[in-house]
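**Student:** Below is input_7.csv; it holds CSV, C-alpha atoms.
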chain,number,residue,atom,x,y,z
A,68,MET,CA,193.9,-29.2,75.6
A,69,LYS,CA,192.4,-30.6,78.8
A,70,LYS,CA,190.9,-27.9,81.0
A,71,PRO,CA,191.7,-27.9,84.7
A,72,PRO,CA,188.9,-29.0,87.0
A,73,GLN,CA,186.4,-26.4,87.9
A,74,PHE,CA,186.4,-26.3,91.7
A,75,SER,CA,183.5,-25.0,93.6
A,76,PRO,CA,184.4,-22.5,96.3
A,77,LEU,CA,181.5,-23.7,98.4
A,78,ALA,CA,182.3,-27.4,98.2
A,79,ALA,CA,181.3,-29.5,101.2
A,80,GLU,CA,184.0,-30.1,103.7
A,81,ASP,CA,184.4,-33.8,102.8
A,82,SER,CA,184.4,-33.2,99.0
A,83,ALA,CA,187.5,-33.4,96.9
A,84,PRO,CA,189.7,-31.6,95.9
A,85,LEU,CA,189.3,-28.5,98.0
A,86,ASN,CA,189.1,-30.3,101.4
A,87,ARG,CA,191.9,-29.0,103.7
A,88,ARG,CA,191.9,-32.3,105.5
A,89,GLY,CA,192.5,-34.2,102.3
A,90,PHE,CA,195.1,-31.7,101.3
A,91,LEU,CA,197.2,-32.2,104.4
A,92,GLN,CA,196.8,-36.0,104.2
A,93,GLN,CA,198.1,-35.9,100.6
A,94,ALA,CA,200.9,-33.6,101.6
A,95,GLY,CA,202.1,-36.3,103.9
A,96,ALA,CA,201.0,-37.3,107.4
A,97,ALA,CA,204.5,-37.6,108.7
A,98,ALA,CA,205.5,-34.1,107.5
A,99,PHE,CA,202.5,-32.4,109.0
A,100,ALA,CA,202.8,-34.4,112.2
A,101,ALA,CA,206.3,-33.0,112.6
A,102,SER,CA,204.7,-29.5,112.9
A,103,GLY,CA,202.7,-30.8,115.9
A,104,LEU,CA,199.4,-29.7,114.3
A,105,GLY,CA,197.7,-33.0,113.4
A,106,LEU,CA,195.4,-33.8,110.5
A,107,ALA,CA,192.1,-32.5,111.6
A,108,SER,CA,189.9,-29.9,109.9
A,109,PRO,CA,190.6,-26.2,110.4
A,110,ALA,CA,188.1,-25.8,113.2
A,111,ALA,CA,189.4,-28.9,115.0
A,112,ASN,CA,193.0,-27.7,114.8
A,113,ALA,CA,192.0,-24.3,116.2
A,114,ALA,CA,190.6,-26.1,119.3
A,115,LYS,CA,193.8,-28.1,119.9
A,116,PRO,CA,195.4,-27.3,123.3
A,117,SER,CA,198.9,-27.1,121.8
A,118,GLY,CA,199.1,-23.4,122.3
A,119,ALA,CA,200.3,-22.9,118.7
A,120,THR,CA,199.5,-19.5,117.2
A,121,SER,CA,200.4,-18.0,113.9
A,122,GLU,CA,203.2,-16.1,115.7
A,123,THR,CA,204.7,-19.2,117.4
A,124,LEU,CA,204.4,-21.1,114.2
A,125,VAL,CA,206.3,-18.3,112.4
A,126,LYS,CA,209.1,-18.7,115.0
A,127,SER,CA,209.1,-22.5,114.5
A,128,LEU,CA,209.3,-22.0,110.8
A,129,TYR,CA,212.1,-19.5,111.2
A,130,ASP,CA,214.1,-21.9,113.4
A,131,THR,CA,213.9,-24.6,110.7
A,132,LEU,CA,215.3,-22.4,107.9
A,133,SER,CA,218.7,-23.2,106.6
A,134,ASP,CA,221.2,-20.3,106.2
A,135,GLU,CA,220.7,-20.4,102.5
A,136,GLN,CA,216.9,-20.2,102.9
A,137,LYS,CA,217.2,-17.3,105.4
A,138,SER,CA,219.4,-15.4,102.9
A,139,LYS,CA,216.5,-15.4,100.4
A,140,VAL,CA,213.3,-15.0,102.4
A,141,VAL,CA,214.4,-13.2,105.6
A,142,ILE,CA,214.4,-9.4,105.1
A,143,PRO,CA,215.6,-6.6,107.3
A,144,TRP,CA,212.8,-5.1,109.4
A,145,ALA,CA,213.2,-1.6,108.0
A,146,ASP,CA,212.8,-2.7,104.4
A,147,SER,CA,210.0,-0.8,102.6
A,148,LEU,CA,208.8,-4.0,101.1
A,149,ARG,CA,207.3,-4.9,104.4
A,150,SER,CA,204.5,-2.3,104.0
A,151,ARG,CA,203.6,-3.1,100.4
A,152,VAL,CA,200.2,-4.4,99.5
A,153,GLU,CA,198.8,-5.5,96.1
A,154,ASN,CA,195.8,-7.4,94.8
A,155,ASN,CA,197.8,-10.0,92.8
A,156,TRP,CA,201.6,-10.4,93.5
A,157,HIS,CA,204.4,-12.3,95.0
A,158,ILE,CA,206.4,-10.6,97.6
A,159,LEU,CA,209.5,-12.7,96.7
A,160,PRO,CA,210.2,-14.9,93.7
A,161,GLN,CA,210.6,-18.0,95.8
A,162,ARG,CA,207.4,-20.1,95.8
A,163,VAL,CA,206.3,-22.0,98.8
A,164,GLY,CA,205.9,-25.3,97.0
A,165,GLU,CA,209.4,-25.2,95.4
A,166,PHE,CA,211.5,-23.5,98.0
A,167,PHE,CA,210.4,-25.0,101.4
A,168,THR,CA,210.4,-28.5,102.7
A,169,PRO,CA,207.1,-30.4,103.2
A,170,GLU,CA,207.3,-29.7,107.0
A,171,GLN,CA,207.9,-26.0,106.4
A,172,GLN,CA,205.1,-25.9,103.9
A,173,ALA,CA,202.7,-27.4,106.5
A,174,MET,CA,203.7,-24.7,109.0
A,175,ILE,CA,203.2,-22.0,106.4
A,176,ARG,CA,199.7,-23.3,105.6
A,177,GLU,CA,198.8,-23.3,109.3
A,178,VAL,CA,200.2,-19.8,109.9
A,179,PHE,CA,197.8,-18.6,107.1
A,180,LEU,CA,194.8,-20.6,108.4
A,181,GLN,CA,195.2,-19.5,112.0
A,182,MET,CA,195.2,-15.9,110.9
A,183,HIS,CA,191.5,-16.5,110.3
A,184,SER,CA,188.5,-17.2,112.5
A,185,GLU,CA,187.2,-20.7,113.1
A,186,GLU,CA,183.9,-19.7,111.6
A,187,TYR,CA,185.3,-18.6,108.2
A,188,ARG,CA,188.6,-20.5,108.0
A,189,ASP,CA,187.3,-23.1,105.6
A,190,GLU,CA,185.7,-20.6,103.3
A,191,VAL,CA,188.9,-18.4,103.2
A,192,TRP,CA,190.9,-21.5,102.4
A,193,LYS,CA,188.6,-22.7,99.6
A,194,ALA,CA,188.5,-19.2,98.1
A,195,PHE,CA,192.3,-18.9,98.1
A,196,LEU,CA,192.7,-22.3,96.4
A,197,HIS,CA,190.0,-21.4,93.9
A,198,ASP,CA,191.5,-18.1,92.8
A,199,ASN,CA,195.1,-19.2,92.7
A,200,ARG,CA,194.6,-22.1,90.2
A,201,SER,CA,196.6,-22.0,87.1
A,202,LYS,CA,197.5,-24.2,84.1
A,203,GLY,CA,200.4,-25.6,86.1
A,204,ALA,CA,198.7,-25.8,89.5
A,205,THR,CA,195.5,-27.7,89.9
A,206,THR,CA,195.8,-29.8,93.0
A,207,PRO,CA,195.5,-28.2,96.4
A,208,GLU,CA,199.2,-28.8,97.1
A,209,GLU,CA,200.3,-27.2,93.9
A,210,ILE,CA,197.9,-24.3,94.2
A,211,PHE,CA,199.0,-23.3,97.7
A,212,GLY,CA,202.6,-23.9,96.7
A,213,THR,CA,202.3,-21.0,94.2
A,214,SER,CA,202.1,-18.5,97.1
A,215,SER,CA,205.2,-16.7,98.4
A,216,VAL,CA,206.2,-15.5,101.8
A,217,ALA,CA,208.7,-13.2,103.4
A,218,ILE,CA,209.8,-12.9,107.0
A,219,PHE,CA,210.9,-9.4,108.2
A,220,GLY,CA,213.1,-9.0,111.3
A,221,ALA,CA,213.6,-11.9,113.7
A,222,PRO,CA,210.6,-14.0,114.9
A,223,GLY,CA,210.6,-14.3,118.7
A,224,THR,CA,211.8,-10.7,119.1
A,225,SER,CA,209.8,-7.5,119.4
A,226,GLN,CA,210.2,-6.8,115.7
A,227,PHE,CA,209.1,-9.4,113.1
A,228,GLU,CA,206.4,-9.8,110.5
A,229,PHE,CA,205.4,-12.7,108.2
A,230,VAL,CA,203.7,-11.8,105.0
A,231,LEU,CA,202.0,-14.3,102.6
A,232,THR,CA,201.0,-13.2,99.1
A,233,GLY,CA,199.3,-14.5,96.0
A,234,ARG,CA,196.3,-13.7,93.8
A,235,HIS,CA,193.7,-11.9,96.0
A,236,CYS,CA,195.9,-12.2,99.0
A,237,THR,CA,198.2,-10.0,101.2
A,238,ARG,CA,198.1,-11.4,104.8
A,239,ARG,CA,200.2,-10.4,107.7
A,240,CYS,CA,201.2,-11.8,111.1
A,241,ASP,CA,203.3,-9.5,113.3
A,242,GLY,CA,202.8,-10.4,116.9
A,243,ASN,CA,201.9,-6.7,117.5
A,244,SER,CA,205.4,-5.6,116.4
A,245,VAL,CA,203.8,-2.7,114.4
A,246,ALA,CA,202.4,-0.6,117.2
A,247,GLY,CA,199.0,1.1,116.6
A,248,THR,CA,198.4,-0.8,113.4
A,249,ALA,CA,195.8,-3.5,112.9
A,250,PHE,CA,196.9,-6.7,111.1
A,251,GLY,CA,200.5,-5.4,111.2
A,252,GLY,CA,199.7,-3.2,108.2
A,253,PRO,CA,197.4,-3.0,105.2
A,254,ILE,CA,195.9,-6.2,103.9
A,255,PHE,CA,194.1,-7.3,100.8
A,256,TYR,CA,191.6,-10.1,100.2
A,257,GLY,CA,189.3,-10.9,97.3
A,258,HIS,CA,187.5,-13.7,95.5
A,259,ALA,CA,186.3,-14.3,91.9
A,260,ALA,CA,183.9,-17.2,92.7
A,261,GLY,CA,182.1,-18.2,89.5
A,262,SER,CA,184.0,-16.2,86.9
A,263,PHE,CA,186.0,-13.0,86.5
A,264,ASN,CA,182.7,-11.1,85.8
A,265,GLU,CA,180.4,-12.1,88.6
A,266,ALA,CA,176.6,-11.8,88.6
A,267,ALA,CA,174.8,-9.2,90.6
A,268,ASP,CA,174.2,-11.6,93.5
A,269,HIS,CA,177.8,-12.9,93.5
A,270,PRO,CA,176.9,-16.6,93.9
A,271,GLY,CA,179.4,-18.5,96.0
A,272,ASN,CA,181.6,-15.5,96.8
A,273,ALA,CA,183.2,-15.9,100.2
A,274,TYR,CA,183.1,-12.2,101.0
A,275,TRP,CA,179.9,-10.9,99.4
A,276,PHE,CA,178.1,-11.2,102.7
A,277,GLN,CA,180.1,-8.1,103.7
A,278,ALA,CA,178.5,-6.0,101.0
A,279,LYS,CA,175.1,-7.3,101.9
A,280,ARG,CA,175.6,-6.1,105.4
A,281,ALA,CA,176.8,-2.7,104.3
A,282,ASN,CA,173.8,-2.3,102.0
A,283,GLU,CA,171.5,-2.9,105.0
A,284,VAL,CA,172.9,0.4,106.4
A,285,PHE,CA,172.0,2.1,103.1
A,286,GLN,CA,168.5,0.8,103.3
A,287,MET,CA,168.2,2.4,106.7
A,288,LEU,CA,169.0,5.9,105.3
A,289,ASP,CA,166.3,8.4,104.4
A,290,GLY,CA,166.2,10.2,101.1
A,291,LYS,CA,168.5,13.1,102.1
A,292,GLN,CA,170.9,10.7,103.8
A,293,ARG,CA,171.1,8.6,100.7
A,294,GLU,CA,172.0,11.6,98.6
A,295,GLN,CA,174.9,12.3,101.0
A,296,ALA,CA,176.0,8.6,101.0
A,297,LEU,CA,176.0,8.2,97.2
A,298,ALA,CA,179.0,9.1,95.1
A,299,GLU,CA,179.9,8.5,91.5
A,300,LYS,CA,183.0,6.3,91.4
A,301,GLY,CA,185.2,4.7,93.9
A,302,ARG,CA,188.9,5.1,94.4
A,303,ALA,CA,191.5,3.7,91.9
A,304,GLU,CA,193.4,0.6,93.0
A,305,ARG,CA,197.0,1.5,93.1
A,306,GLY,CA,198.7,-0.8,95.6
A,307,ARG,CA,199.7,0.9,98.8
A,308,LYS,CA,198.3,4.2,97.6
A,309,THR,CA,194.8,2.6,97.6
A,310,VAL,CA,194.8,2.6,101.4
A,311,GLU,CA,196.7,5.8,102.2
A,312,LEU,CA,195.3,7.4,105.3
A,313,THR,CA,194.5,11.1,105.2
A,314,GLY,CA,194.3,11.9,109.0
A,315,LYS,CA,191.3,14.1,108.0
A,316,ALA,CA,187.9,14.0,109.7
A,317,LYS,CA,186.3,16.3,107.1
A,318,GLY,CA,186.0,16.3,103.3
A,319,LEU,CA,185.7,12.5,103.1
A,320,GLU,CA,183.3,11.0,100.6
A,321,GLY,CA,179.9,9.8,101.9
A,322,ILE,CA,177.9,10.4,105.0
A,323,ARG,CA,179.5,10.9,108.4
A,324,VAL,CA,178.6,8.2,110.8
A,325,GLY,CA,178.4,10.7,113.7
A,326,ASP,CA,175.5,12.4,111.8
A,327,LEU,CA,173.4,9.2,111.7
A,328,SER,CA,170.7,8.4,114.2
A,329,LYS,CA,171.5,6.2,117.2
A,330,ASP,CA,169.9,3.1,115.7
A,331,GLN,CA,171.7,3.7,112.4
A,332,GLN,CA,175.0,4.1,114.3
A,333,ALA,CA,174.4,0.9,116.2
A,334,HIS,CA,173.9,-0.9,112.9
A,335,VAL,CA,177.1,0.4,111.5
A,336,ARG,CA,178.9,-1.0,114.6
A,337,LYS,CA,177.4,-4.4,113.9
A,338,VAL,CA,178.4,-4.2,110.3
A,339,LEU,CA,182.0,-3.4,111.3
A,340,ALA,CA,182.0,-6.4,113.6
A,341,ASP,CA,180.7,-8.6,110.8
A,342,LEU,CA,183.3,-7.3,108.3
A,343,LEU,CA,186.0,-8.5,110.7
A,344,LYS,CA,184.4,-12.0,111.2
A,345,PRO,CA,186.8,-13.8,108.8
A,346,PHE,CA,189.8,-12.9,111.0
A,347,ARG,CA,191.1,-14.2,114.2
A,348,LYS,CA,189.8,-12.8,117.5
A,349,GLU,CA,192.9,-10.8,118.4
A,350,ASP,CA,192.9,-9.0,115.1
A,351,ARG,CA,189.2,-8.3,115.4
A,352,GLU,CA,189.6,-6.9,118.8
A,353,GLU,CA,192.6,-4.8,117.9
A,354,SER,CA,190.8,-3.4,114.9
A,355,MET,CA,187.8,-2.3,116.8
A,356,LYS,CA,190.0,-0.8,119.5
A,357,TYR,CA,191.5,1.5,116.9
A,358,VAL,CA,188.1,2.1,115.1
A,359,GLU,CA,186.2,3.2,118.2
A,360,PRO,CA,188.0,6.6,118.8
A,361,GLN,CA,187.3,7.7,115.3
A,362,PHE,CA,183.9,6.0,114.9
A,363,ALA,CA,181.9,9.3,114.7
A,364,ASP,CA,184.2,10.6,112.0
A,365,LEU,CA,183.9,7.5,109.8
A,366,HIS,CA,182.3,8.2,106.4
A,367,LEU,CA,180.2,5.6,104.6
A,368,ALA,CA,180.0,5.9,100.8
A,369,PHE,CA,178.3,3.9,98.1
A,370,TYR,CA,179.2,4.2,94.5
A,371,LYS,CA,176.9,4.3,91.5
A,372,HIS,CA,179.7,3.2,89.1
A,373,GLY,CA,180.0,-0.6,89.2
A,374,ASP,CA,176.5,-1.4,90.3
A,375,ILE,CA,176.2,-4.8,88.7
A,376,GLY,CA,172.7,-5.3,87.3
A,377,ASN,CA,171.7,-1.7,88.1
A,378,ASP,CA,169.8,-3.1,91.1
A,379,GLN,CA,171.0,-0.4,93.6
A,380,VAL,CA,172.5,-3.1,95.8
A,381,TRP,CA,175.8,-1.3,95.7
A,382,ASP,CA,178.7,-3.5,94.7
A,383,VAL,CA,181.3,-0.8,95.4
A,384,TRP,CA,181.4,1.0,98.8
A,385,GLN,CA,183.8,2.0,101.5
A,386,ILE,CA,184.2,3.1,105.1
A,387,GLU,CA,186.8,5.8,105.6
A,388,GLY,CA,187.9,7.7,108.6
A,389,PRO,CA,191.0,9.8,109.5
A,390,HIS,CA,193.0,6.6,110.3
A,391,MET,CA,191.0,3.9,108.4
A,392,VAL,CA,190.2,2.8,104.9
A,393,TRP,CA,188.0,-0.2,104.2
A,394,HIS,CA,187.4,-0.2,100.4
A,395,PHE,CA,185.2,-2.9,98.9
A,396,ARG,CA,185.0,-3.2,95.1
A,397,GLY,CA,182.6,-5.9,94.1
A,398,ALA,CA,182.8,-5.3,90.3
A,399,PRO,CA,183.6,-7.3,88.3
A,400,HIS,CA,184.4,-9.5,91.4
A,401,VAL,CA,185.4,-8.8,94.9
A,402,HIS,CA,188.5,-6.9,95.9
A,403,THR,CA,188.9,-5.6,99.4
A,404,TRP,CA,191.5,-3.2,100.7
A,405,VAL,CA,191.9,-2.6,104.5
A,406,ASN,CA,194.1,-0.3,106.5
A,407,ILE,CA,193.3,0.5,110.1
A,408,GLU,CA,195.5,2.5,112.5
A,409,ALA,CA,195.1,4.0,116.0
A,410,PRO,CA,194.4,7.7,116.1
A,411,PRO,CA,197.3,9.6,117.7
A,412,GLU,CA,196.7,10.1,121.4
A,413,LYS,CA,195.6,13.5,122.6
A,414,GLY,CA,198.5,15.7,123.4
A,415,SER,CA,200.7,13.9,120.9
A,416,PRO,CA,202.6,16.1,118.5
A,417,PHE,CA,201.1,13.9,115.7
A,418,ALA,CA,197.5,14.5,116.8
A,419,ALA,CA,195.4,16.4,114.4
Represent the structure from my file as structure tokens, please.

**Tutor:**
Amino acid sequence: MKKPPQFSPLAAEDSAPLNRRGFLQQAGAAAFAASGLGLASPAANAAKPSGATSETLVKSLYDTLSDEQKSKVVIPWADSLRSRVENNWHILPQRVGEFFTPEQQAMIREVFLQMHSEEYRDEVWKAFLHDNRSKGATTPEEIFGTSSVAIFGAPGTSQFEFVLTGRHCTRRCDGNSVAGTAFGGPIFYGHAAGSFNEAADHPGNAYWFQAKRANEVFQMLDGKQREQALAEKGRAERGRKTVELTGKAKGLEGIRVGDLSKDQQAHVRKVLADLLKPFRKEDREESMKYVEPQFADLHLAFYKHGDIGNDQVWDVWQIEGPHMVWHFRGAPHVHTWVNIEAPPEKGSPFAA
């Protein structure tokens, strides 16, 4: 049996088959032109003065749906499915490549891409294509076509959310419909770059840089601080339960950020900013807005179990606060669970 081509997640921009420019050209210049987005690279499209954002593209997509399509992919706003998150799933059975027209597929791709920063957009794109290959999907068109989407509520109103899912992907676009919640709810991203079981240095992994930055904080800790920061085993991955928020400032695993020195705290802030770099500016800013009031009560934990190569470059770690979970599991490959909410305002009956 002929094996599918082994794509490199770090292929150069102009190399086939992971090049987004080539993908869109193959998908049909006329179809993509109809979306008003052109055929340039991710970075070039981000700079276009069209004013198109993920939110406006979701509205454009919604307006093109037939009644039959809406009956299958448009879900009531209050449906509990909207808050679900998984590491490998399809939110609805309809697949993008089979259910939507070429023009609609182009808009869905661009919604996804514009949820990410210009700096990391290409790497996120390549990682998604790499990890969603299958026996029946080897070309970029086929691979992205295996994803699934759902639209909750009515785009263009104060309550709507677009969710795209696949292997190592739960991404959201909500136009700030979900008040006090970064990204519109919990997200998941991951990457298995070389193989299912990655080496200790995770060559080619699009997200390993985040663990390297977190480990820099560990290196800044003294002996006693390291004892506080180290724990045995990270949390189990159980979908939405993985990122349940406790509202507690005490009793969390790891070392409390507020107990670190000023220079250590400053480094933690820089790390948090770097963790957010793959995402678009508005999501980065909103996340930090919600993190700052609980910054001192964040706890940073590194886990002994899952230390690939026993090199004490901790593959599994997390940052948790009363209203935040950022859980990074780098063994056997990268899985990342993120949930960030605004702490209740002082005087609120929901305040701790």

**Student:** Report as CSV the residues of region 205-300 of chain A within 8 Å of region 184-199 of chain A, each with its shortest atom pair and distance in Å (one decimal), using all atoms listed in the file, ordered by chain and increasing residue number.

**Tutor:**
residue,atom,partner,partner_atom,distance
A:Pro207,CA,A:Leu196,CA,6.5
A:Ile210,CA,A:Leu196,CA,6.0
A:Phe211,CA,A:Leu196,CA,6.5
A:Thr213,CA,A:Asn199,CA,7.6
A:Gly233,CA,A:Asn199,CA,7.1
A:Arg234,CA,A:Asn199,CA,5.7
A:His235,CA,A:Asp198,CA,7.3
A:Cys236,CA,A:Phe195,CA,7.7
A:His258,CA,A:Ala194,CA,6.2
A:Ala259,CA,A:Asp198,CA,6.5
A:Ala260,CA,A:Ala194,CA,7.4
A:Asn272,CA,A:Ala194,CA,7.9
A:Ala273,CA,A:Glu190,CA,6.2

**Student:** Around (183.1, -17.6, 88.8) in the file's frame, which residues reach within 12 Å when counting only C-alpha atoms? Return as a VMD selection string?

**Tutor:** chain A and resid 73 to 77 194 197 to 198 258 to 273 399 to 401

**Student:** Pick out the residues sitting within 10 Å of Ile407 (chain A), and hand them over as a VMD selection string; count only C-alpha atoms, and ignore anything fewer than 3 positions along from it in its own chain.

**Tutor:** chain A and resid 247 to 254 310 312 353 to 355 357 to 358 387 to 393 410

**Student:** Would you kindly return, as a short mmCIF file (atom, residue, chain, number, x, y, z; two decimals) with C-alpha atoms, keeping the file's coordinate frame, each protein, DNA or RNA residue with an atom no farther than 10 Å from any atom of region 329-341 of chain A, considering all atoms listed in the file and excluding same-chain residues fewer than 4 positions away?

**Tutor:**
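The result, written out as out38.cif:
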data_model
loop_
_atom_site.label_atom_id
_atom_site.label_comp_id
_atom_site.auth_asym_id
_atom_site.auth_seq_id
_atom_site.Cartn_x
_atom_site.Cartn_y
_atom_site.Cartn_z
CA PHE A 276 178.10 -11.20 102.70
CA GLN A 277 180.10 -8.10 103.70
CA ALA A 278 178.50 -6.00 101.00
CA LYS A 279 175.10 -7.30 101.90
CA ARG A 280 175.60 -6.10 105.40
CA ALA A 281 176.80 -2.70 104.30
CA ASN A 282 173.80 -2.30 102.00
CA GLU A 283 171.50 -2.90 105.00
CA VAL A 284 172.90 0.40 106.40
CA PHE A 285 172.00 2.10 103.10
CA MET A 287 168.20 2.40 106.70
CA LEU A 288 169.00 5.90 105.30
CA VAL A 324 178.60 8.20 110.80
CA GLY A 325 178.40 10.70 113.70
CA PRO A 345 186.80 -13.80 108.80
CA ARG A 351 189.20 -8.30 115.40
CA GLU A 352 189.60 -6.90 118.80
CA SER A 354 190.80 -3.40 114.90
CA MET A 355 187.80 -2.30 116.80
CA VAL A 358 188.10 2.10 115.10
CA GLU A 359 186.20 3.20 118.20
CA PHE A 362 183.90 6.00 114.90
CA ALA A 363 181.90 9.30 114.70
CA LEU A 365 183.90 7.50 109.80
CA LEU A 367 180.20 5.60 104.60
CA ILE A 386 184.20 3.10 105.10
CA TRP A 393 188.00 -0.20 104.20
#

**Student:** To one decimal place in Å, what is the distance between CA of Ser127 (chain A) and CA of Ala221 (chain A)?

**Tutor:**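 CA of Ala221 (chain A) lies 11.5 Å from CA of Ser127 (chain A).
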
**Student:** From the set A:Ser244, A:Asn377, A:Ser121, A:Thr131, which residue has the shortest atom-to-atom contact distance to Phe179 (chain A), counting only C-alpha atoms?

**Tutor:** A:Ser121

**Student:** If you count all atoms listed in the file, which residues fall within 10 Å of region 150-166 of chain A, apart from same-chain ones fewer than 6 positions away, as a PDB file with C-alpha atoms, keeping the file's coordinate frame?

**Tutor:**
ATOM      1  CA  GLN A 136     216.900 -20.200 102.900  1.00  0.00           C
ATOM      2  CA  LYS A 139     216.500 -15.400 100.400  1.00  0.00           C
ATOM      3  CA  VAL A 140     213.300 -15.000 102.400  1.00  0.00           C
ATOM      4  CA  GLN A 172     205.100 -25.900 103.900  1.00  0.00           C
ATOM      5  CA  ILE A 175     203.200 -22.000 106.400  1.00  0.00           C
ATOM      6  CA  ARG A 176     199.700 -23.300 105.600  1.00  0.00           C
ATOM      7  CA  ASN A 199     195.100 -19.200  92.700  1.00  0.00           C
ATOM      8  CA  GLU A 208     199.200 -28.800  97.100  1.00  0.00           C
ATOM      9  CA  GLU A 209     200.300 -27.200  93.900  1.00  0.00           C
ATOM     10  CA  ILE A 210     197.900 -24.300  94.200  1.00  0.00           C
ATOM     11  CA  PHE A 211     199.000 -23.300  97.700  1.00  0.00           C
ATOM     12  CA  GLY A 212     202.600 -23.900  96.700  1.00  0.00           C
ATOM     13  CA  THR A 213     202.300 -21.000  94.200  1.00  0.00           C
ATOM     14  CA  SER A 214     202.100 -18.500  97.100  1.00  0.00           C
ATOM     15  CA  SER A 215     205.200 -16.700  98.400  1.00  0.00           C
ATOM     16  CA  VAL A 216     206.200 -15.500 101.800  1.00  0.00           C
ATOM     17  CA  ALA A 217     208.700 -13.200 103.400  1.00  0.00           C
ATOM     18  CA  VAL A 230     203.700 -11.800 105.000  1.00  0.00           C
ATOM     19  CA  LEU A 231     202.000 -14.300 102.600  1.00  0.00           C
ATOM     20  CA  THR A 232     201.000 -13.200  99.100  1.00  0.00           C
ATOM     21  CA  GLY A 233     199.300 -14.500  96.000  1.00  0.00           C
ATOM     22  CA  ARG A 234     196.300 -13.700  93.800  1.00  0.00           C
ATOM     23  CA  HIS A 235     193.700 -11.900  96.000  1.00  0.00           C
ATOM     24  CA  CYS A 236     195.900 -12.200  99.000  1.00  0.00           C
ATOM     25  CA  THR A 237     198.200 -10.000 101.200  1.00  0.00           C
ATOM     26  CA  ARG A 238     198.100 -11.400 104.800  1.00  0.00           C
ATOM     27  CA  ARG A 239     200.200 -10.400 107.700  1.00  0.00           C
ATOM     28  CA  GLY A 251     200.500  -5.400 111.200  1.00  0.00           C
ATOM     29  CA  GLY A 252     199.700  -3.200 108.200  1.00  0.00           C
ATOM     30  CA  PRO A 253     197.400  -3.000 105.200  1.00  0.00           C
ATOM     31  CA  ILE A 254     195.900  -6.200 103.900  1.00  0.00           C
ATOM     32  CA  PHE A 255     194.100  -7.300 100.800  1.00  0.00           C
ATOM     33  CA  TYR A 256     191.600 -10.100 100.200  1.00  0.00           C
ATOM     34  CA  GLY A 257     189.300 -10.900  97.300  1.00  0.00           C
ATOM     35  CA  GLU A 304     193.400   0.600  93.000  1.00  0.00           C
ATOM     36  CA  ARG A 305     197.000   1.500  93.100  1.00  0.00           C
ATOM     37  CA  GLY A 306     198.700  -0.800  95.600  1.00  0.00           C
ATOM     38  CA  ARG A 307     199.700   0.900  98.800  1.00  0.00           C
ATOM     39  CA  LYS A 308     198.300   4.200  97.600  1.00  0.00           C
ATOM     40  CA  THR A 309     194.800   2.600  97.600  1.00  0.00           C
ATOM     41  CA  VAL A 310     194.800   2.600 101.400  1.00  0.00           C
ATOM     42  CA  HIS A 402     188.500  -6.900  95.900  1.00  0.00           C
ATOM     43  CA  THR A 403     188.900  -5.600  99.400  1.00  0.00           C
ATOM     44  CA  TRP A 404     191.500  -3.200 100.700  1.00  0.00           C
ATOM     45  CA  VAL A 405     191.900  -2.600 104.500  1.00  0.00           C
TER      46      VAL A 405
END

**Student:** What is the CA of Met174 (chain A) to CA of Val125 (chain A) distance in Å?

**Tutor:**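 Computed distance, CA of Met174 (chain A) to CA of Val125 (chain A), equals 7.7 Å.
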
**Student:** Find the residue from A:Gly118, A:Gly373, A:Gly321, A:Gly242 that sits nearest to Ser225 (chain A); use all atoms listed in the file when measuring.

**Tutor:**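 Ranked by minimum distance to Ser225 (chain A), first place goes to A:Gly242.
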
**Student:** Go ahead and compute the interatomic distance for CA of Thr168 (chain A) and CA of Thr206 (chain A), in Å to one decimal.

**Tutor:**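 Calculated distance between CA of Thr168 (chain A) and CA of Thr206 (chain A) is 17.6 Å.
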
**Student:** Looking at A:Val380, A:Lys344, A:Ala303, A:His366, which one is nearest to Leu327 (chain A), with distances taken over all atoms listed in the file?

**Tutor:**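 Ranked by minimum distance to Leu327 (chain A), first place goes to A:His366.
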
**Student:** Starting from the incomplete input, reconstruct N, CA and C atoms of region 149-155 of chain A and report them as an mmCIF file, keeping the file's coordinate frame.

**Tutor:**
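The resulting file, rebuild_7.cif, is shown below:
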data_model
loop_
_atom_site.group_PDB
_atom_site.id
_atom_site.type_symbol
_atom_site.label_atom_id
_atom_site.label_comp_id
_atom_site.auth_asym_id
_atom_site.auth_seq_id
_atom_site.Cartn_x
_atom_site.Cartn_y
_atom_site.Cartn_z
ATOM 1 N N ARG A 149 208.126 -4.344 103.351
ATOM 2 C CA ARG A 149 207.300 -4.900 104.400
ATOM 3 C C ARG A 149 205.864 -4.218 104.387
ATOM 4 N N SER A 150 205.743 -2.981 103.968
ATOM 5 C CA SER A 150 204.500 -2.300 104.000
ATOM 6 C C SER A 150 203.716 -2.335 102.666
ATOM 7 N N ARG A 151 204.267 -3.044 101.688
ATOM 8 C CA ARG A 151 203.600 -3.100 100.400
ATOM 9 C C ARG A 151 202.368 -3.966 100.431
ATOM 10 N N VAL A 152 201.382 -3.615 99.630
ATOM 11 C CA VAL A 152 200.200 -4.400 99.500
ATOM 12 C C VAL A 152 199.704 -4.326 98.046
ATOM 13 N N GLU A 153 199.262 -5.447 97.502
ATOM 14 C CA GLU A 153 198.800 -5.500 96.100
ATOM 15 C C GLU A 153 197.634 -6.494 96.038
ATOM 16 N N ASN A 154 196.922 -6.460 94.921
ATOM 17 C CA ASN A 154 195.800 -7.400 94.800
ATOM 18 C C ASN A 154 196.232 -8.721 94.132
ATOM 19 N N ASN A 155 197.404 -8.750 93.524
ATOM 20 C CA ASN A 155 197.800 -10.000 92.800
ATOM 21 C C ASN A 155 199.363 -9.871 92.672
#
